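**Q** My questions all concern the structure below.
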Amino acid sequence: MYVENIDPYVFRLNGFGVRWYGLFLAISIGLGVWYLALEGQRYRWDEDAVLTSALCGIIGGIVGSRLIFVLVHWSRYADTPGEIIRIDHGGLSWHGALLGGVLAAWLYLRHKDICFPSFVDAMVPGLTLGYALVRMATIFNQHGLGRPAEVLGTRHPAQIYAAVFGLILFLRYFYLQRLQLPAGYQFWSFLWWYTILRVIHESLREVPLFGLRYLNDHWGIGFTTLAHLVTPLLLGVAWYFMNHYKQQST
């Protein structure tokens, strides 16, 4: 969704400003950690270990998201390496954040008395709600724009599509919580459905195309994006672990 003259800042004061993107990201992180702590109390996990692992996950997520983005867009940073650490200038990868956050939490928790599959399950509400909020925030900084579609007479509101997808996955988590599911299944099931919905979202975003390209200006649909290229791998990994945890419970 493109909105003219929209201010990306919540407020500015003496040269310091808070962007909507940063505010929504902070809110989603706070809510995600709060839910993790609630689940930690239910499972009787050590509170310090839960909070420390959450901190490790946040740091790992930021590092991973920036690292993947920079690697994918290396041509932007090859001549200006000082920009690599300027995350305030934009440029974060969702897949990198997920990979970095989960890996950092696992490295910390592997010697703790906490069930890691249950821990990553408890991360799902924060991830899904965060995805929805951050995609809405991109409306304010005009990132993640949809492709122009002749049938609509304007761009696809891709940020809103993505926010709705995140909300669906958020509500789905709590629906599945009523069922007797094995630990770990929720996380990998989330990744499976997120990847499928991301295929739809990426097809309607104005992002570069790779490989065998297809572009339909009438409907505003494009294939194949970088996210499309990694989809088979993500679906395969998610499917394997979904079945792995199902078999363990039988």
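Quick note on naming: the chains in the structure tokens go A, B, ... in the order shown, residues restart at 1 in each chain, and ligands are numbered from 1 in order of appearance.
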Write out as a list of chain:residue names the residues lying within 6 Å of Pro125 (chain A), counting only C-alpha atoms and excluding same-chain residues fewer than 3 positions away.

**A**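 So, after excluding close chain neighbours, the residues are A:Thr128, A:Leu129, A:Phe170.
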
**Q** Tell me, as a compact mmCIF listing (two decimals) with C-alpha atoms, in the first residue's frame, which residues lie within 10 Å of Leu23 (chain A), counting only C-alpha atoms; anything in the same chain fewer than 2 positions away does not count.

**A**
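Output (selection_21.txt):
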```txt
# COMPACT_ATOMS: atom_id res chain seq x y z
CA TYR A 9 8.37 8.73 12.55
CA VAL A 10 6.16 8.45 15.62
CA VAL A 18 11.32 6.92 16.89
CA ARG A 19 10.06 5.22 13.74
CA TRP A 20 6.82 3.29 13.54
CA TYR A 21 8.81 0.28 12.32
CA LEU A 25 9.06 -4.27 16.36
CA ALA A 26 9.68 -3.44 20.02
CA ILE A 27 6.02 -4.11 20.88
CA SER A 28 6.08 -7.49 19.16
CA ILE A 29 9.32 -8.47 20.93
CA LEU A 133 2.80 -5.74 13.19
CA VAL A 134 6.07 -5.18 11.35
CA ALA A 137 4.71 -0.74 10.03
```

**Q** So which one's closest to Val237 (chain A), A:Phe223, A:Tyr175, A:Phe16, A:Trp188? Using only C-alpha atoms, please.

**A**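 The shortest atom-to-atom distance to Val237 (chain A) comes from A:Trp188.
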
**Q** Record the distance separating CA of Thr224 (chain A) and CA of Gly146 (chain A), expressed in Å with one decimal.

**A**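 Between CA of Thr224 (chain A) and CA of Gly146 (chain A) the gap is 14.9 Å.
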
**Q** Hey, what's within 12 Å of Arg213 (chain A) if we count only C-alpha atoms and toss same-chain stuff fewer than 6 positions away? As a PyMOL selection string, please?

**A** chain A and resi 203+207+221-226+228-229

**Q** Given the selection you just returned, output its residues as a file containing C-alpha atoms, formatted as a short mmCIF file (atom, residue, chain, number, x, y, z; two decimals), in the first residue's frame.

**A**
```cif
data_model
loop_
_atom_site.label_atom_id
_atom_site.label_comp_id
_atom_site.auth_asym_id
_atom_site.auth_seq_id
_atom_site.Cartn_x
_atom_site.Cartn_y
_atom_site.Cartn_z
CA SER A 203 4.11 -13.06 -5.81
CA VAL A 207 10.78 -7.39 -5.59
CA ILE A 221 1.76 -11.13 -10.19
CA GLY A 222 5.44 -12.02 -10.49
CA PHE A 223 7.57 -15.19 -10.27
CA THR A 224 10.24 -16.16 -9.30
CA THR A 225 11.55 -14.19 -6.31
CA LEU A 226 14.38 -15.21 -4.01
CA HIS A 228 10.21 -18.56 -4.04
CA LEU A 229 13.58 -20.17 -4.74
#
```

**Q** Based on the backbone DSSP call, show me all residues of region 63-200 of chain A assigned helix (DSSP H, G or I), as JSON, numbers by chain.

**A** {"A": [63, 64, 65, 66, 67, 68, 69, 70, 71, 72, 74, 75, 76, 77, 81, 82, 83, 84, 85, 87, 88, 89, 94, 95, 96, 97, 98, 99, 100, 101, 102, 103, 104, 105, 106, 107, 108, 109, 116, 117, 118, 119, 120, 121, 122, 123, 124, 125, 126, 127, 128, 129, 130, 131, 132, 133, 134, 135, 136, 137, 138, 139, 140, 141, 158, 159, 160, 161, 162, 163, 164, 165, 166, 167, 168, 169, 170, 171, 172, 173, 174, 175, 176, 185, 186, 187, 188, 189, 190, 191, 192, 193, 194, 195, 196, 197, 198, 199, 200]}

**Q** Any idea what's packed within 8 Å of region 34-46 of chain A, counting only C-alpha atoms, ignoring anything in its chain fewer than 4 positions away? Could you give it as a tab-separated table (two decimals) with N, CA and C atoms, in the first residue's frame?

**A**
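Saved the output as part-v3.tsv:
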```tsv
chain	number	residue	atom	x	y	z
A	30	GLY	N	8.35	-7.43	22.90
A	30	GLY	CA	7.88	-7.42	24.29
A	30	GLY	C	6.76	-8.42	24.52
A	50	VAL	N	14.85	-18.67	30.86
A	50	VAL	CA	13.89	-18.28	29.82
A	50	VAL	C	14.19	-16.86	29.32
A	51	LEU	N	14.38	-15.94	30.24
A	51	LEU	CA	14.62	-14.55	29.85
A	51	LEU	C	15.97	-14.39	29.16
A	113	ASP	N	17.82	-27.18	31.56
A	113	ASP	CA	16.74	-28.14	31.77
A	113	ASP	C	15.42	-27.58	31.23
A	114	ILE	N	15.42	-27.30	29.93
A	114	ILE	CA	14.25	-26.76	29.26
A	114	ILE	C	14.05	-27.54	27.96
A	119	PHE	N	9.90	-24.95	23.83
A	119	PHE	CA	10.33	-23.55	23.84
A	119	PHE	C	10.05	-22.88	22.50
A	122	ALA	N	6.49	-22.11	21.93
A	122	ALA	CA	6.05	-20.91	22.65
A	122	ALA	C	6.53	-19.62	21.97
A	123	MET	N	7.45	-19.74	21.03
A	123	MET	CA	7.91	-18.56	20.28
A	123	MET	C	6.92	-18.16	19.19
A	125	PRO	N	3.60	-17.40	18.91
A	125	PRO	CA	2.77	-16.19	18.99
A	125	PRO	C	3.55	-14.91	18.77
A	126	GLY	N	4.73	-14.82	19.35
A	126	GLY	CA	5.56	-13.63	19.16
A	126	GLY	C	5.99	-13.47	17.72
```

**Q** Give me the residues within 9 Å of Ile84 (chain A) as a list in words, counting only C-alpha atoms and dropping any in the same chain fewer than 2 places off.

**A** Arg66, Leu67, Val70, Tyr77, Thr80, Pro81, Gly82, Arg86 and Ile87 of chain A

**Q** Using only C-alpha atoms, which protein or nucleic acid residues come within 9 Å of Ala54 (chain A)? Drop anything in the same chain fewer than 3 positions from it, and give the result as a PyMOL selection string.

**A** chain A and resi 32-33+36+49-51+57-59+101+105

**Q** Residues within 10 Å of Asp217 (chain A), please, as a PyMOL selection string. Count only C-alpha atoms; anything in the same chain fewer than 4 positions from it doesn't count.

**A** chain A and resi 147-151+221-222

**Q** Output C-alpha atoms for every residue in that selection, as a PDB file, in the first residue's frame.

**A**
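Full text of again_31.pdb as output:
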```
ATOM      1  CA  ARG A 147       3.202  -4.713  -7.561  1.00  0.00           C
ATOM      2  CA  PRO A 148       1.092  -2.387  -9.701  1.00  0.00           C
ATOM      3  CA  ALA A 149      -1.978  -4.279 -10.958  1.00  0.00           C
ATOM      4  CA  GLU A 150      -4.007  -3.014 -13.886  1.00  0.00           C
ATOM      5  CA  VAL A 151      -7.073  -4.844 -12.618  1.00  0.00           C
ATOM      6  CA  ILE A 221       1.765 -11.134 -10.189  1.00  0.00           C
ATOM      7  CA  GLY A 222       5.444 -12.023 -10.491  1.00  0.00           C
TER       8      GLY A 222
END
```
